[in-house]
Amino acid sequence: MTYDVVIVGGGPAGLSCAIHLKQINPEITVCILEKGSEIGAHLLSGAVFEPRSLDELIPNWKDLGAPLTCPATTDDFLFLTEKGTIKLPTPPQMHNTGNYIISLGALGKWLAGQAEGLGVEIYPGFAATEILYNDDGSVKGVATGDMGINKEGEKTAAFQPGMELHAKHTVLAEGCHGSLTKQIIKQFNLRENADPQTYGLGVKEIWEVKPENHKQGHVVHTLGWPLDCKTYGGSWLYHMEGNLVSIGYVVGLDYTNPYLSPFEEMQRHKTHPYFAKLLAGGKRISYGARALVEGGFQSLPKLTFPGGLLVGDTAGFLNVAKIKGNHTAIKSGMLAAVAIASQLNDKECTSYTDLYKKSWLHKELYKVRNIRAGFHRGRICGLIHAAFQTIGGWMIPYTLKNHADHAGLKKAKDSTPINYPKPDGVLTFDRLSSVFLSNTNHEEDQPCHLKLRDKSIPISVNLPEWAEPAQRYCPAGVYEIVEENGRKSFRINAQNCVHCKTCDIKDPSQNIDWTTPQGGGGPNYTGM
């Protein structure tokens, strides 16, 4: 199948790129491949949405029924002690007047409807598994994998052969730490002049709370307890419509203690009196987890490669100081569309990189480039430096460096184990009951999509050196150390995987490759 443009990923970046291409020239043929069972199935965000870029993409979005119906009304920024709260001044970039509390999945579905109305072809349930190259080394397109192959490599009754999609331009919009993006960055050395990307893991739940505990439109962000002062992280609490609240916890994946568990930190966080009172008598109805890019300006790779380009979180356009990346994703998709359309029209070509450097997106990321990196020396230094940057320090021409997250993990012998309390099943929960709420499903007889480069490393290296941290950093209980007849082995429960990509990022031996599973497998988020 041949198109002018093939887009891998049906999130806000890929969808906005497709929409804007059709707005510029309806004759451009565009196809979107989405690995989720439907558009929105794998989309997960906090999410308070800044409509700036949507105003540019679809100015009449209100008239068209965009699912932005819960305006943010008030903000709180809290420092948590173990039993109390201290209200801090809300940083200017975290003021949410004019923004909306949304479900990103719902916005994705709406954008998909706009794209299809313009003639974009969308194929959910088809994961791009392979990059295709021309003889000159440029990218020719992508291929989807065969479906209906069992663990022994045999075809099953449900077998469907993969397909090749060729294009003049291939857009990678896979989101954070995409599997094809990882290959492309290595193939074309796109990080040659960039810092390593750094990440956080966000764990999210949606609760239905008592009406008297609900304050629609209220936005809360916190830092402090339960994390120690050396570990970057914090929480959000967004009061949605219908007595629902979105509550989540983000832990920077540059943490050093191999015994730390982001999932358990989220559960412990809910026991704080402020949150326990809010959630009392409520019901948890959804769960999800996702890695997010935190490196910002200095960790952006080269944005283009022969035959294609990177957009959205695939490139790393999230503004971590704002705790927002959807508006930047949409803007990057629009800029990419302008550049691609100019080349397809055989007119004077417009460079995607030049468009980015001239846009408000570049200015926004440059202004906050040193805020996240300032926390590498701990919370106190980070807060002082963030305040300095915010009041004008960003204009001083220096840029702090980022470092690969996995490299900072200390050895188990130099670390203190963390004894997390057992879940009570009312306020705090275990991983398996949480994964159940994410509607995650993979065919159990398909090949494992979590690949070990060396199967011996988890037991021979990671276990003695780092107490095999995969048992704790995975928020879905995918990885286990089991012992039978006195022999330890490493078990991978791939059917539990919620596609957060943390294992590919944090494994201290860099021994795990996350790849796309067959046919729409993974979570099916609703209302997330």
# chains A, B, ... in the order shown; residues from 1 in each chain; ligands from 1
call {"tool": "residues_around", "arguments": {"residues": "A:Ser438", "least_positions_apart": "4", "cutoff": "6 Å", "atoms": "only C-alpha atoms", "output": "ChimeraX atom specification"}}
result
/A:287-288,523,525
call {"tool": "write_last_selection", "arguments": {"atoms": "C-alpha atoms", "output": "short mmCIF file (atom, residue, chain, number, x, y, z; two decimals), in the first residue's frame"}}
result
data_model
loop_
_atom_site.label_atom_id
_atom_site.label_comp_id
_atom_site.auth_asym_id
_atom_site.auth_seq_id
_atom_site.Cartn_x
_atom_site.Cartn_y
_atom_site.Cartn_z
CA TYR A 287 -5.97 2.37 36.45
CA GLY A 288 -3.06 2.95 34.07
CA PRO A 523 -4.59 -1.83 27.73
CA TYR A 525 -8.25 2.66 28.71
#
call {"tool": "residues_around", "arguments": {"residues": "A:Tyr3", "least_positions_apart": "3", "cutoff": "9 Å", "atoms": "only C-alpha atoms", "output": "PyMOL selection string"}}
result
chain A and resi 6+28-31+165-169
call {"tool": "write_last_selection", "arguments": {"atoms": "C-alpha atoms", "output": "PDB file, in the first residue's frame"}}
result
ATOM      1  CA  VAL A   6       2.350   7.193   6.638  1.00  0.00           C
ATOM      2  CA  ILE A  28      -2.315  14.390  -0.041  1.00  0.00           C
ATOM      3  CA  THR A  29      -2.892  10.719   0.810  1.00  0.00           C
ATOM      4  CA  VAL A  30      -2.398   9.981   4.510  1.00  0.00           C
ATOM      5  CA  CYS A  31      -2.559   6.773   6.524  1.00  0.00           C
ATOM      6  CA  LEU A 165       3.082   0.586   3.746  1.00  0.00           C
ATOM      7  CA  HIS A 166       5.325   2.674   1.505  1.00  0.00           C
ATOM      8  CA  ALA A 167       5.373   6.451   1.671  1.00  0.00           C
ATOM      9  CA  LYS A 168       7.251   9.495   0.488  1.00  0.00           C
ATOM     10  CA  HIS A 169       7.342  10.587   4.134  1.00  0.00           C
TER      11      HIS A 169
END
call {"tool": "select_by_dssp", "arguments": {"residues": "stretch 189-323 of chain A", "states": "strand (DSSP E or B)", "output": "VMD selection string"}}
result
chain A and resid 199 to 208 218 to 224 233 to 239 244 to 252 283 to 293 304 to 305 308 to 310 319
call {"tool": "residues_around", "arguments": {"residues": "A:Lys22", "least_positions_apart": "3", "cutoff": "8 Å", "atoms": "only C-alpha atoms", "output": "compact mmCIF listing (two decimals) with N, CA and C atoms, in the first residue's frame"}}
result
# COMPACT_ATOMS: atom_id res chain seq x y z
N ALA A 18 -1.86 14.62 10.56
CA ALA A 18 -2.72 14.15 9.47
C ALA A 18 -3.79 15.19 9.13
N ILE A 19 -4.42 15.76 10.14
CA ILE A 19 -5.47 16.76 9.91
C ILE A 19 -4.91 17.96 9.17
N ASN A 25 -3.63 20.54 1.89
CA ASN A 25 -3.86 20.00 0.54
C ASN A 25 -4.67 18.72 0.65
N PRO A 26 -5.97 18.77 0.34
CA PRO A 26 -6.83 17.58 0.46
C PRO A 26 -6.40 16.42 -0.42
N GLU A 27 -5.54 16.67 -1.40
CA GLU A 27 -5.13 15.61 -2.32
C GLU A 27 -4.00 14.75 -1.74
N ILE A 28 -3.38 15.19 -0.66
CA ILE A 28 -2.31 14.39 -0.04
C ILE A 28 -2.93 13.13 0.57
N LEU A 118 -11.83 14.24 6.87
CA LEU A 118 -11.02 14.90 5.84
C LEU A 118 -10.42 13.89 4.86
N GLY A 119 -10.65 12.60 5.10
CA GLY A 119 -10.16 11.59 4.17
C GLY A 119 -8.92 10.84 4.62
N VAL A 120 -8.54 10.98 5.88
CA VAL A 120 -7.39 10.24 6.40
C VAL A 120 -7.81 8.79 6.66
call {"tool": "closest_residue", "arguments": {"among": "A:Tyr473, A:Phe305, A:Phe388, A:Phe429", "to": "A:Pro91", "atoms": "only C-alpha atoms"}}
result
A:Phe388
call {"tool": "select_by_dssp", "arguments": {"residues": "stretch 105-248 of chain A", "states": "alpha helix (DSSP H)", "output": "list in words"}}
result
Gly105, Ala106, Leu107, Gly108, Lys109, Trp110, Leu111, Ala112, Gly113, Gln114, Ala115, Glu116, Gly117, Ser179, Leu180, Thr181, Lys182, Gln183, Ile184, Ile185, Lys186 and Gln187 of chain A
call {"tool": "residues_around", "arguments": {"residues": "stretch 191-194 of chain A", "least_positions_apart": "6", "cutoff": "9 Å", "atoms": "only C-alpha atoms", "output": "JSON, numbers by chain"}}
result
{"A": [185, 298, 299, 300, 301, 302]}
call {"tool": "closest_residue", "arguments": {"among": "A:Thr328, A:Asn96, A:Thr256, A:Ser138", "to": "A:Glu56", "atoms": "only C-alpha atoms"}}
result
A:Thr328
call {"tool": "closest_residue", "arguments": {"among": "A:Asn243, A:Glu483, A:Thr90, A:Thr181", "to": "A:Leu309", "atoms": "only C-alpha atoms"}}
result
A:Thr181
call {"tool": "closest_residue", "arguments": {"among": "A:Leu190, A:Ile102, A:Ala158, A:Leu361", "to": "A:Pro306", "atoms": "only C-alpha atoms"}}
result
A:Leu190
call {"tool": "atom_distance", "arguments": {"atom1": "atom CA of A:Glu444", "atom2": "atom CA of A:Thr502"}}
result
21.3 Å
call {"tool": "residues_around", "arguments": {"residues": "stretch 45-47 of chain A", "least_positions_apart": "2", "cutoff": "8 Å", "atoms": "only C-alpha atoms", "output": "MDAnalysis selection string"}}
result
chainID A and resid 43 49 101:104 204 236 238 246:248 324 528
